[in-house]
Structures are given as structure tokens and as C-alpha cells.
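start.txt (compact mmCIF, C-alpha atoms)
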```txt
# COMPACT_ATOMS: atom_id res chain seq x y z
CA MET V 1 0.00 0.00 0.00
CA ALA V 2 2.00 2.89 -1.20
CA GLY V 3 1.33 6.18 0.52
CA GLY V 4 -0.76 4.60 3.26
CA ASN V 5 1.67 5.73 5.95
CA LYS V 6 1.39 9.31 4.93
CA ARG V 7 -2.28 9.49 5.72
CA LYS V 8 -3.00 10.89 9.16
CA THR V 9 -4.62 8.52 11.62
CA PRO V 10 -8.00 9.98 12.49
CA ASP V 11 -8.47 11.32 16.04
CA ILE V 12 -10.16 8.93 18.40
CA ASN V 13 -13.46 10.34 19.50
CA ALA V 14 -13.03 11.19 23.18
CA SER V 15 -16.54 12.35 23.91
CA SER V 16 -17.42 9.09 25.68
CA GLN V 17 -14.51 9.41 28.06
CA ALA V 18 -16.64 11.52 30.35
CA ASP V 19 -19.29 8.82 30.41
CA ILE V 20 -16.75 6.18 31.33
CA ALA V 21 -15.40 8.36 34.11
CA PHE V 22 -18.94 8.97 35.35
CA LEU V 23 -19.56 5.25 35.41
CA LEU V 24 -16.48 4.64 37.54
CA LEU V 25 -17.42 7.52 39.80
CA VAL V 26 -20.91 6.13 40.38
CA PHE V 27 -19.43 2.71 41.17
CA PHE V 28 -17.19 4.18 43.85
CA LEU V 29 -20.00 6.28 45.26
CA VAL V 30 -22.14 3.19 45.73
CA ALA V 31 -19.58 0.63 46.81
CA THR V 32 -17.62 2.61 49.36
CA THR V 33 -18.26 4.36 52.62
CA MET V 34 -16.83 7.55 53.95
CA ASN V 35 -16.82 6.90 57.64
CA THR V 36 -13.49 6.72 59.31
CA ASP V 37 -13.64 4.67 62.43
CA LYS V 38 -13.08 6.65 65.53
CA GLY V 39 -13.80 5.79 69.09
CA LEU V 40 -12.74 5.69 72.70
CA SER V 41 -10.15 2.96 73.13
CA ARG V 42 -10.19 0.86 76.25
CA VAL V 43 -8.52 -2.27 77.50
CA LEU V 44 -10.82 -4.56 79.43
CA PRO V 45 -9.51 -6.33 82.51
CA PRO V 46 -8.97 -10.04 81.98
CA ILE V 47 -11.27 -12.43 83.80
CA PRO V 48 -9.53 -13.21 87.08
CA PRO V 49 -8.61 -16.86 87.59
CA GLU V 50 -10.97 -18.55 89.98
CA ASP V 51 -8.36 -19.45 92.58
CA VAL V 52 -7.35 -15.82 93.17
CA LYS V 53 -8.73 -14.60 96.43
CA VAL V 54 -10.88 -11.53 96.41
CA GLU V 55 -8.64 -9.76 98.91
CA ASP V 56 -5.67 -9.85 96.54
CA GLN V 57 -7.40 -7.72 93.97
CA LYS V 58 -8.72 -5.21 96.42
CA GLN V 59 -7.27 -1.78 96.03
CA LYS V 60 -6.79 0.42 99.01
CA GLU V 61 -9.86 2.49 99.55
CA ARG V 62 -8.06 5.82 99.23
CA ASN V 63 -6.83 4.87 95.77
CA VAL V 64 -10.23 4.28 94.24
CA LEU V 65 -12.67 6.92 93.07
CA LEU V 66 -16.06 5.40 92.49
CA VAL V 67 -18.10 6.89 89.68
CA PHE V 68 -21.58 5.48 89.56
CA VAL V 69 -24.15 6.25 86.87
CA ASN V 70 -27.76 5.23 87.40
CA GLY V 71 -30.59 4.66 84.95
CA ALA V 72 -31.80 8.24 85.21
CA GLY V 73 -28.40 9.52 84.11
CA GLN V 74 -27.49 10.80 87.57
CA LEU V 75 -23.90 10.71 88.58
CA MET V 76 -22.43 9.80 91.91
CA VAL V 77 -18.76 10.46 92.52
CA GLY V 78 -17.34 9.18 95.77
CA ASP V 79 -20.42 9.56 97.93
CA GLU V 80 -22.08 12.67 96.54
CA PHE V 81 -24.10 13.76 93.55
CA VAL V 82 -22.01 15.52 90.93
CA ASP V 83 -23.00 17.25 87.72
CA ILE V 84 -21.28 15.83 84.65
CA ARG V 85 -19.70 19.22 83.96
CA ASN V 86 -17.83 19.03 87.24
CA LEU V 87 -16.82 15.41 86.85
CA LYS V 88 -13.61 16.13 84.97
CA ASP V 89 -12.23 18.59 87.52
CA ARG V 90 -13.29 16.42 90.39
CA ALA V 91 -11.62 13.32 88.95
CA LYS V 92 -8.50 15.23 87.95
CA GLU V 93 -8.13 16.64 91.43
CA PHE V 94 -8.36 13.10 92.73
CA ILE V 95 -5.81 11.57 90.39
CA VAL V 96 -3.24 14.36 90.66
CA ASN V 97 -3.63 14.74 94.45
CA ILE V 98 -1.52 17.86 94.47
CA THR V 99 -1.64 18.39 98.23
CA ASP V 100 -0.80 14.75 99.09
CA ASP V 101 -4.07 14.48 100.94
CA GLU V 102 -4.50 11.47 103.22
CA ASP V 103 -7.82 10.56 101.61
CA MET V 104 -6.57 10.75 98.07
CA PRO V 105 -4.35 8.34 96.11
CA GLU V 106 -0.90 7.31 97.19
CA LYS V 107 2.05 7.94 94.94
CA GLU V 108 4.81 5.54 94.10
CA ASP V 109 8.25 6.33 92.76
CA LYS V 110 8.30 4.98 89.24
CA GLU V 111 11.58 4.73 87.40
CA ILE V 112 11.05 5.43 83.71
CA ASP V 113 13.61 4.92 80.93
CA MET V 114 14.02 8.10 78.95
CA PRO V 115 14.72 8.09 75.19
CA ASP V 116 18.25 9.44 75.84
CA GLY V 117 19.12 6.51 78.10
CA THR V 118 18.79 8.24 81.45
CA LYS V 119 16.32 7.36 84.13
CA TRP V 120 13.57 9.62 85.34
CA VAL V 121 11.89 9.07 88.66
CA TYR V 122 8.30 10.20 88.62
CA LYS V 123 5.86 10.15 91.49
CA ARG V 124 3.16 8.15 89.82
CA SER V 125 -0.33 8.33 91.22
CA LYS V 126 -1.87 5.00 92.17
CA GLY V 127 -5.37 6.36 91.70
CA VAL V 128 -7.94 4.31 89.87
CA ILE V 129 -11.32 5.52 88.68
CA SER V 130 -13.89 2.80 88.94
CA LEU V 131 -16.84 3.30 86.64
CA GLN V 132 -20.01 1.46 87.48
CA THR V 133 -23.38 1.47 85.82
CA THR V 134 -26.72 -0.23 86.19
CA ARG V 135 -28.22 -2.28 83.40
CA ASP V 136 -30.66 0.46 82.47
CA THR V 137 -28.11 3.26 82.15
CA ALA V 138 -28.25 4.77 78.67
CA TYR V 139 -25.23 4.09 76.48
CA GLU V 140 -25.08 7.77 75.55
CA THR V 141 -24.64 8.78 79.19
CA TYR V 142 -22.03 6.10 79.63
CA ILE V 143 -20.02 7.38 76.68
CA MET V 144 -20.32 10.94 77.97
CA VAL V 145 -18.86 9.86 81.29
CA GLN V 146 -16.15 7.79 79.58
CA ASN V 147 -15.33 10.81 77.48
CA GLU V 148 -14.94 13.04 80.53
CA LEU V 149 -12.71 10.46 82.22
CA THR V 150 -10.57 10.20 79.09
CA ARG V 151 -10.25 13.96 79.16
CA VAL V 152 -8.94 13.77 82.72
CA PHE V 153 -6.03 11.58 81.69
CA ASN V 154 -5.40 13.44 78.45
CA GLU V 155 -5.13 16.71 80.34
CA ILE V 156 -2.77 15.28 82.94
CA ARG V 157 -0.65 13.78 80.15
CA ASP V 158 -0.54 17.14 78.41
CA GLU V 159 0.61 18.83 81.59
CA VAL V 160 3.30 16.27 82.34
CA ALA V 161 4.46 16.37 78.73
CA GLN V 162 4.57 20.14 78.83
CA SER V 163 6.74 20.21 81.94
CA LYS V 164 8.99 17.36 80.86
CA PHE V 165 9.42 17.86 77.12
CA GLY V 166 8.08 21.36 76.64
CA SER V 167 5.36 20.47 74.17
CA PRO V 168 1.88 18.97 74.39
CA PHE V 169 1.38 15.22 74.25
CA ALA V 170 0.12 15.25 70.67
CA ASP V 171 3.39 16.75 69.38
CA LEU V 172 5.70 14.20 71.01
CA ASN V 173 7.39 11.39 69.14
CA GLU V 174 6.64 7.77 69.87
CA GLU V 175 9.35 7.22 72.47
CA GLU V 176 8.45 10.34 74.39
CA ARG V 177 4.80 9.35 74.33
CA LYS V 178 5.69 6.01 75.80
CA VAL V 179 7.41 7.77 78.69
CA ILE V 180 4.35 9.89 79.36
CA THR V 181 1.89 7.01 79.11
CA THR V 182 4.01 5.05 81.58
CA ALA V 183 4.01 8.02 83.93
CA VAL V 184 0.27 8.62 83.54
CA PRO V 185 -1.47 5.34 82.76
CA GLN V 186 -5.15 5.47 81.92
CA GLN V 187 -6.55 3.98 85.07
CA ILE V 188 -10.22 3.53 84.34
CA SER V 189 -11.64 0.33 85.65
CA GLU V 190 -14.86 -0.99 84.19
CA ALA V 191 -16.05 -3.55 86.61
CA GLU V 192 -19.12 -5.69 86.32
CA PRO V 193 -22.37 -3.80 86.69
CA ARG V 194 -24.07 -3.54 89.98
CA LYS V 195 -27.44 -5.02 90.40
CA ALA V 196 -30.05 -2.29 90.36
CA ILE V 197 -30.69 -1.40 93.94
CA LYS V 198 -34.22 -2.14 94.97
CA LYS V 199 -35.92 -0.66 97.94
CA MET U 1 -18.56 56.16 15.51
CA ALA U 2 -19.38 52.81 16.94
CA VAL U 3 -20.73 50.53 14.35
CA MET U 4 -23.81 48.84 15.62
CA LYS U 5 -23.85 45.26 14.59
CA LYS U 6 -26.96 43.30 14.17
CA LYS U 7 -27.72 41.71 17.47
CA GLY U 8 -28.94 38.19 18.00
CA ASN U 9 -27.98 36.94 14.67
CA LYS U 10 -24.67 35.50 15.73
CA GLU U 11 -24.91 32.10 17.45
CA LEU U 12 -23.02 31.54 20.68
CA PRO U 13 -20.07 29.24 20.19
CA ALA U 14 -20.59 25.82 21.85
CA ILE U 15 -18.89 25.45 25.24
CA SER U 16 -16.04 23.05 24.95
CA THR U 17 -16.61 19.86 26.94
CA ALA U 18 -13.10 18.62 26.42
CA SER U 19 -12.18 19.21 30.08
CA LEU U 20 -15.26 17.48 31.45
CA PRO U 21 -13.56 14.05 31.67
CA ASP U 22 -10.70 15.64 33.58
CA VAL U 23 -13.08 17.14 36.09
CA ILE U 24 -14.90 13.85 36.57
CA PHE U 25 -11.61 11.97 36.95
CA MET U 26 -10.60 14.43 39.61
CA ILE U 27 -13.78 13.75 41.59
CA LEU U 28 -13.28 10.03 41.00
CA PHE U 29 -9.77 10.09 42.43
CA PHE U 30 -10.99 12.04 45.41
CA PHE U 31 -13.52 9.34 46.20
CA MET U 32 -11.06 6.54 45.55
CA VAL U 33 -8.61 7.98 48.02
CA SER U 34 -10.92 9.14 50.77
CA THR U 35 -13.36 6.24 51.04
CA THR U 36 -13.10 2.62 51.98
CA MET U 37 -14.91 -0.39 50.63
CA ARG U 38 -18.17 -1.31 52.28
CA ASP U 39 -17.49 -4.69 53.78
CA GLN U 40 -20.72 -5.69 55.43
CA GLU U 41 -24.34 -4.87 55.25
CA VAL U 42 -25.49 -3.12 58.37
CA LEU U 43 -28.66 -4.69 59.67
CA VAL U 44 -29.21 -2.40 62.62
CA ARG U 45 -29.93 1.25 62.78
CA TYR U 46 -27.57 3.17 64.98
CA LYS U 47 -26.72 6.72 65.70
CA LEU U 48 -23.37 6.75 67.41
CA PRO U 49 -22.91 8.83 70.55
CA GLU U 50 -20.72 11.91 70.43
CA ALA U 51 -17.40 12.32 72.15
CA THR U 52 -14.51 14.76 72.00
CA GLU U 53 -11.56 12.56 72.94
CA VAL U 54 -11.90 9.99 70.16
CA GLN U 55 -8.91 8.27 68.62
CA LYS U 56 -8.62 6.84 65.17
CA LEU U 57 -8.48 3.08 64.88
CA GLU U 58 -5.04 2.24 63.64
CA LYS U 59 -5.19 -0.78 61.36
CA LYS U 60 -8.45 -1.59 59.69
CA SER U 61 -7.56 -5.21 59.05
CA LEU U 62 -7.18 -5.85 62.78
CA VAL U 63 -10.59 -4.49 63.68
CA SER U 64 -13.71 -6.58 64.11
CA TYR U 65 -17.07 -4.93 64.40
CA ILE U 66 -20.02 -5.58 66.65
CA ASN U 67 -23.11 -3.60 65.76
CA ILE U 68 -25.79 -3.08 68.36
CA GLY U 69 -29.09 -1.34 67.73
CA VAL U 70 -32.65 -1.62 66.59
CA PRO U 71 -33.04 -3.79 63.44
CA VAL U 72 -33.59 -1.86 60.21
CA THR U 73 -37.20 -1.41 59.09
CA HIS U 74 -37.44 -4.32 56.69
CA MET U 75 -36.03 -6.72 59.29
CA GLN U 76 -38.34 -5.61 62.05
CA ALA U 77 -41.16 -7.95 61.00
CA LYS U 78 -38.87 -10.86 61.66
CA PHE U 79 -36.68 -9.64 64.50
CA GLY U 80 -38.79 -7.09 66.34
CA THR U 81 -37.80 -3.65 67.54
CA ALA U 82 -35.73 -4.50 70.58
CA PRO U 83 -32.00 -3.75 70.22
CA ARG U 84 -30.11 -6.69 68.78
CA ILE U 85 -26.47 -7.66 68.29
CA GLN U 86 -25.22 -8.05 64.75
CA LEU U 87 -22.13 -10.14 64.09
CA ASN U 88 -20.95 -10.45 60.49
CA ASP U 89 -24.16 -10.49 58.47
CA SER U 90 -26.72 -11.86 60.87
CA PHE U 91 -28.31 -11.24 64.24
CA LYS U 92 -26.77 -13.17 67.08
CA THR U 93 -26.95 -13.25 70.84
CA ALA U 94 -24.22 -12.40 73.29
CA LYS U 95 -23.48 -16.12 73.65
CA ASP U 96 -22.21 -16.30 70.06
CA ILE U 97 -19.54 -13.66 70.60
CA GLY U 98 -17.00 -16.20 71.78
CA ASP U 99 -17.26 -18.14 68.50
CA PHE U 100 -17.24 -14.93 66.50
CA ILE U 101 -14.05 -13.70 68.16
CA GLY U 102 -12.47 -17.11 67.67
CA ALA U 103 -13.25 -17.05 63.96
CA GLU U 104 -12.03 -13.48 63.55
CA ARG U 105 -8.83 -14.24 65.41
CA GLU U 106 -8.23 -17.26 63.22
CA GLN U 107 -8.18 -15.04 60.15
CA LEU U 108 -5.34 -12.89 61.43
CA ASN U 109 -1.62 -13.57 61.34
CA GLU U 110 -0.33 -15.07 64.52
CA SER U 111 1.82 -12.02 65.17
CA ASP U 112 -1.15 -9.70 64.84
CA ARG U 113 -3.51 -11.56 67.10
CA ALA U 114 -2.54 -9.67 70.23
CA GLN U 115 -3.29 -6.41 68.44
CA MET U 116 -6.83 -7.38 67.55
CA THR U 117 -9.35 -4.69 68.40
CA VAL U 118 -13.09 -5.00 68.65
CA SER U 119 -15.07 -1.92 67.76
CA ILE U 120 -18.43 -1.71 69.45
CA LYS U 121 -20.81 0.31 67.34
CA ALA U 122 -23.85 0.81 69.47
CA ASP U 123 -26.79 3.11 69.17
CA GLN U 124 -26.79 5.92 71.68
CA TYR U 125 -30.17 4.91 73.09
CA THR U 126 -29.11 1.34 73.86
CA LYS U 127 -29.18 0.37 77.49
CA MET U 128 -25.97 -0.62 79.21
CA GLY U 129 -27.30 -4.10 80.01
CA ILE U 130 -26.73 -5.43 76.51
CA ILE U 131 -23.37 -3.64 76.25
CA THR U 132 -22.26 -5.13 79.54
CA ASP U 133 -23.21 -8.61 78.35
CA VAL U 134 -21.12 -8.06 75.23
CA LYS U 135 -18.21 -6.78 77.30
CA GLN U 136 -18.35 -9.76 79.63
CA GLU U 137 -18.35 -12.14 76.65
CA LEU U 138 -15.39 -10.30 75.15
CA ARG U 139 -13.50 -10.65 78.40
CA ARG U 140 -14.29 -14.34 78.44
CA ALA U 141 -13.08 -14.66 74.85
CA ASN U 142 -9.93 -12.75 75.87
CA ALA U 143 -10.51 -9.99 73.32
CA LEU U 144 -9.56 -7.18 75.65
CA ARG U 145 -8.76 -4.33 73.31
CA ILE U 146 -11.99 -2.57 72.51
CA SER U 147 -13.11 0.73 71.14
CA TYR U 148 -16.44 2.39 71.72
CA ALA U 149 -17.25 3.87 68.34
CA ALA U 150 -18.24 7.51 68.60
CA ILE U 151 -18.56 10.56 66.42
CA GLU U 152 -16.07 13.30 67.00
CA SER U 153 -17.74 16.47 68.21
CA GLU U 154 -16.46 19.87 69.11
CA GLY U 155 -17.60 19.59 72.69
CA TYR U 156 -20.02 21.77 74.56
```
Output the structure of this file as C-alpha cells.
Amino acid sequence: MAGGNKRKTPDINASSQADIAFLLLVFFLVATTMNTDKGLSRVLPPIPPEDVKVEDQKQKERNVLLVFVNGAGQLMVGDEFVDIRNLKDRAKEFIVNITDDEDMPEKEDKEIDMPDGTKWVYKRSKGVISLQTTRDTAYETYIMVQNELTRVFNEIRDEVAQSKFGSPFADLNEEERKVITTAVPQQISEAEPRKAIKK
Amino acid sequence: MAVMKKKGNKELPAISTASLPDVIFMILFFFMVSTTMRDQEVLVRYKLPEATEVQKLEKKSLVSYINIGVPVTHMQAKFGTAPRIQLNDSFKTAKDIGDFIGAEREQLNESDRAQMTVSIKADQYTKMGIITDVKQELRRANALRISYAAIESEGY
């Protein structure tokens, strides 16, 4: 075929490209979801072996702050009614125990390995917040309380991080975070529910 | 001075649609990057509670989901309107959680098993009783890392 090469190849019609792209787009719109999973992370306590005596697990009374939520959404902290807006400050005061009060948690000297190889002795609070609910407590209320308790520990971590490394917890690298989480562990205990108290 | 031309006679030139595919591709890539594949049909209706201190779940492949809520409308004839637990693609009771966790754990690499996380997606109006049952079963199945799914809010 002489001269066949000289002829220009005709342009491919690209007007259907938009349709193809639309088709793909619609497929992805239908088959995928947007939601990124977010939530409050917790570690449940393992089931205690049956031969462990109850006394062994008992914490000293001064180390435990009882937070009790009933079915009506009322909140009891220690032995008094507390509004949920005051829960955070109340619990923080308890965990930090700035005045070394006799009724508030003990502190233990915890030796923590720093990223630069040195040791850092921190007076770690032994406080535990015990969260109890009844079976008819609303999940929403429960999450609100959990959220406030998480805030307590996040704020304390921020403060310790600020004084130790000079920046908030979120800006630390992984090793520094590990130091802070060892110094301020998230001590929220979720024990079995109480039976609803009947009168 | 100014020469008045006859108005209306001239047709507007057609708008070029040559860039339309590019625009659509751009939207397509946005969706491809920002979304994830739907992996199970949700049989319960839930509105997650709000929280401010939420954390992102790290590795999706290590997460198992437990949905708790009222069955969706077309399932209500069969399953009623009381909150139910959904595991995989069917309604189960708290007793089945042990088997479910076992099966999910089996699917993971041995090195990843300790990292397994269970995400509890429960409706905000659920009562704690059913949640507590689920938690107790998870403890029994030794799946201790959990996450209460919540929507991030700005606070109050």
C-alpha cells in the first residue's frame, strides 16, 4: 500500500470518556463508605482466675474513686451527687492529688527509661477511677462519662508532657509518648455492673 | 462612531466539553482515596454517641465490628424492635460472641492476634445491660482491646 503511511490517523473520539469516568465515579459512590472509624479505646480487665482470692485484687480504699451512673443519668462520685460538667475537675483533682491528701491516692516512685538513656523518677499516682453502671443506664450517658474520664487523663498527660518535654502530648514522638503514658497510665476500671438497687 | 452590529444573529459558540472528563476523573480520584470499601451490610440502625476525645483506629484489618441497635425497618417484621447484636451479616446473641471472636482471630496472622481490636458500634439509646453482656463475653473470649465507636464532636 503505497502512501498509506502518509495518511494521518483519524483522532479517536473522546466524547465518551466523560461517560466512562462517570460510570467509575458512580461505582465508587455506591460501593464505598466515607466513615473513618473513631472511638474511645479501652482495655478490658482479663477475667480473674478462679483461685485468686478476692482480697488480693482489692485496692486500698483511698486509691479508688467510684463513679456510679444510674438509669436516670445521675452521677455519683465518691459519695455525693455531681454534675457531669464538674466530673472532669473532680476526677482530675483526685488523680493528681496535688496536696498529698490522706484521703486521696498514694504515689509511688516509678523509674522510667528516657529516650536518651537516662532514668527519670516520677511520682506516679496510684489512683484508679472505677466506673459502674446499672443495666438500664443509657449508652449515651455512659459514653459521655467515659469521654470526661478520658479527658482527665489526656489533660494530665498534656501537663506532664509540657513540663517534661516542653510540648503537648500530641506533638511528642513515639518514644516520648511512651514515657508519658508510663508516667500517667489510663486507670479507668470498668467492673461488672451492679445489680439495680431495689428498695 | 461605533458601528452597531446586528444583534442576536450570531450564534453563541458551543462550550467546549473537552475538560469534562478531567473534572470527573478528579472527583473520581478524590472518592477513591478518601473512602473505603463497604465490607458488610449493616442490619441495625444506629446513631453513634458523640465524644470529644476519640482516637482513630489504627489498622483496619485488625478491627472486628459488633453492631448493636434496633433492626432496620425491613427486618423488624422478623426480629422485632428491641435492640439486637449483629455479628458479620446476621443477628446473634451475646453467647455467640465467643465463637465470633475465635473465627475473627483465626483469620489474622499469629503475630497480629494480640493487636486485635473490637469496635463496638452501638446506638446511643441502647441500654448498658446489653453492652455489659457483650463486654463480659469479650473478656471471656480474651478480646480485651476494645473501642467504643463515637462521632467526633467539638464539645459543649
Within 12 Å of V:Arg177 using only C-alpha atoms, minus same-chain residues under 2 positions, as a list in words: Ile112, Asp113, Met114, Pro115, Asn154, Arg157, Asp158, Val160, Ala161, Gln162, Lys164, Phe165, Ser167, Pro168, Phe169, Ala170, Asp171, Leu172, Asn173, Glu174, Glu175, Val179, Ile180, Thr181, Thr182, Ala183, Val184 and Pro185 of chain V
Taking all atoms listed in the file into account, report as an MDAnalysis selection string which residues of chain U lie within 7 Å of chain V. chainID U and resid 20:21 24:25 28 31:32 34:38 49 51:57 124:129 139:140 142 144:151
Taking all atoms of stretch 123-137 of chain V that the file lists and extending 4 Å past them on each side, where is the centre of the axis-aligned box and how long are its edges? Answer in Å to one decimal, as JSON.
```
{"center_x": -12.4, "center_y": 3.9, "center_z": 87.2, "size_x": 44.5, "size_y": 20.4, "size_z": 18.0}
```
Please measure the separation of atom CA of V:Glu106 and atom CA of V:Lys126, giving the value in Å to one decimal.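 Value for the atom CA of V:Glu106-atom CA of V:Lys126 distance: 5.6 Å.
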Hey, can you pull every residue with an atom no more than 10 Å from (-22.1, -4.1, 65.0), using all atoms listed in the file, and send it as a JSON list (two decimals) with C-alpha atoms, keeping the file's coordinate frame?
```json
[["chain", "number", "residue", "atom", "x", "y", "z"],
["U", 40, "GLN", "CA", -20.72, -5.69, 55.43],
["U", 42, "VAL", "CA", -25.49, -3.12, 58.37],
["U", 43, "LEU", "CA", -28.66, -4.69, 59.67],
["U", 44, "VAL", "CA", -29.21, -2.40, 62.62],
["U", 45, "ARG", "CA", -29.93, 1.25, 62.78],
["U", 46, "TYR", "CA", -27.57, 3.17, 64.98],
["U", 64, "SER", "CA", -13.71, -6.58, 64.11],
["U", 65, "TYR", "CA", -17.07, -4.93, 64.40],
["U", 66, "ILE", "CA", -20.02, -5.58, 66.65],
["U", 67, "ASN", "CA", -23.11, -3.60, 65.76],
["U", 68, "ILE", "CA", -25.79, -3.08, 68.36],
["U", 69, "GLY", "CA", -29.09, -1.34, 67.73],
["U", 84, "ARG", "CA", -30.11, -6.69, 68.78],
["U", 85, "ILE", "CA", -26.47, -7.66, 68.29],
["U", 86, "GLN", "CA", -25.22, -8.05, 64.75],
["U", 87, "LEU", "CA", -22.13, -10.14, 64.09],
["U", 88, "ASN", "CA", -20.95, -10.45, 60.49],
["U", 89, "ASP", "CA", -24.16, -10.49, 58.47],
["U", 90, "SER", "CA", -26.72, -11.86, 60.87],
["U", 91, "PHE", "CA", -28.31, -11.24, 64.24],
["U", 118, "VAL", "CA", -13.09, -5.00, 68.65],
["U", 119, "SER", "CA", -15.07, -1.92, 67.76],
["U", 120, "ILE", "CA", -18.43, -1.71, 69.45],
["U", 121, "LYS", "CA", -20.81, 0.31, 67.34],
["U", 122, "ALA", "CA", -23.85, 0.81, 69.47],
["U", 123, "ASP", "CA", -26.79, 3.11, 69.17],
["U", 149, "ALA", "CA", -17.25, 3.87, 68.34]]
```
For V:Gln74, please output as a PDB file with C-alpha atoms, in the coordinates of the input all residues within 9 Å (counting only C-alpha atoms; exclusion window: fewer than 5 positions along the same chain).
```pdb
ATOM      1  CA  PHE V  68     -21.580   5.480  89.560  1.00  0.00           C
ATOM      2  CA  VAL V  69     -24.150   6.250  86.870  1.00  0.00           C
ATOM      3  CA  PHE V  81     -24.100  13.760  93.550  1.00  0.00           C
ATOM      4  CA  VAL V  82     -22.010  15.520  90.930  1.00  0.00           C
ATOM      5  CA  ASP V  83     -23.000  17.250  87.720  1.00  0.00           C
ATOM      6  CA  ILE V  84     -21.280  15.830  84.650  1.00  0.00           C
TER       7      ILE V  84
END
```
Expressed in Å, the length from atom CA of V:Ile95 to atom CA of U:Ala114 is 29.5 Å
Nearest-residue call for V:Val96, choices V:Ile188, V:Val64, V:Ile156, V:Val77, using all atoms listed in the file: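 Result for the nearest residue to V:Val96: V:Ile156.
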Can you tell me which residues surround U:Gly98 at a distance of at most 12 Å, considering all atoms listed in the file, apart from same-chain residues fewer than 5 positions away, and format the answer as a list in words?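 Surrounding residues, per the criterion: Leu87, Lys92, Thr93, Ala103, Glu104, Arg105, Asp133, Val134, Lys135, Gln136, Glu137, Leu138, Arg139, Arg140, Ala141, Asn142 and Ala143 of chain U.
Going from atom CA of V:Gln186 over to atom CA of V:Phe153, you cover 6.2 Å.
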Find the residues near V:Val152: any atom within 6 Å, counting only C-alpha atoms, skip ones fewer than 3 places away on the same chain, and give them as a ChimeraX atom specification. /V:88,92,149,155
Which polymer residues have any atom within 10 Å of an atom of V:Lys110, counting all atoms listed in the file, with same-chain residues fewer than 4 positions away left out, as a ChimeraX atom specification? /V:119-125,182-183
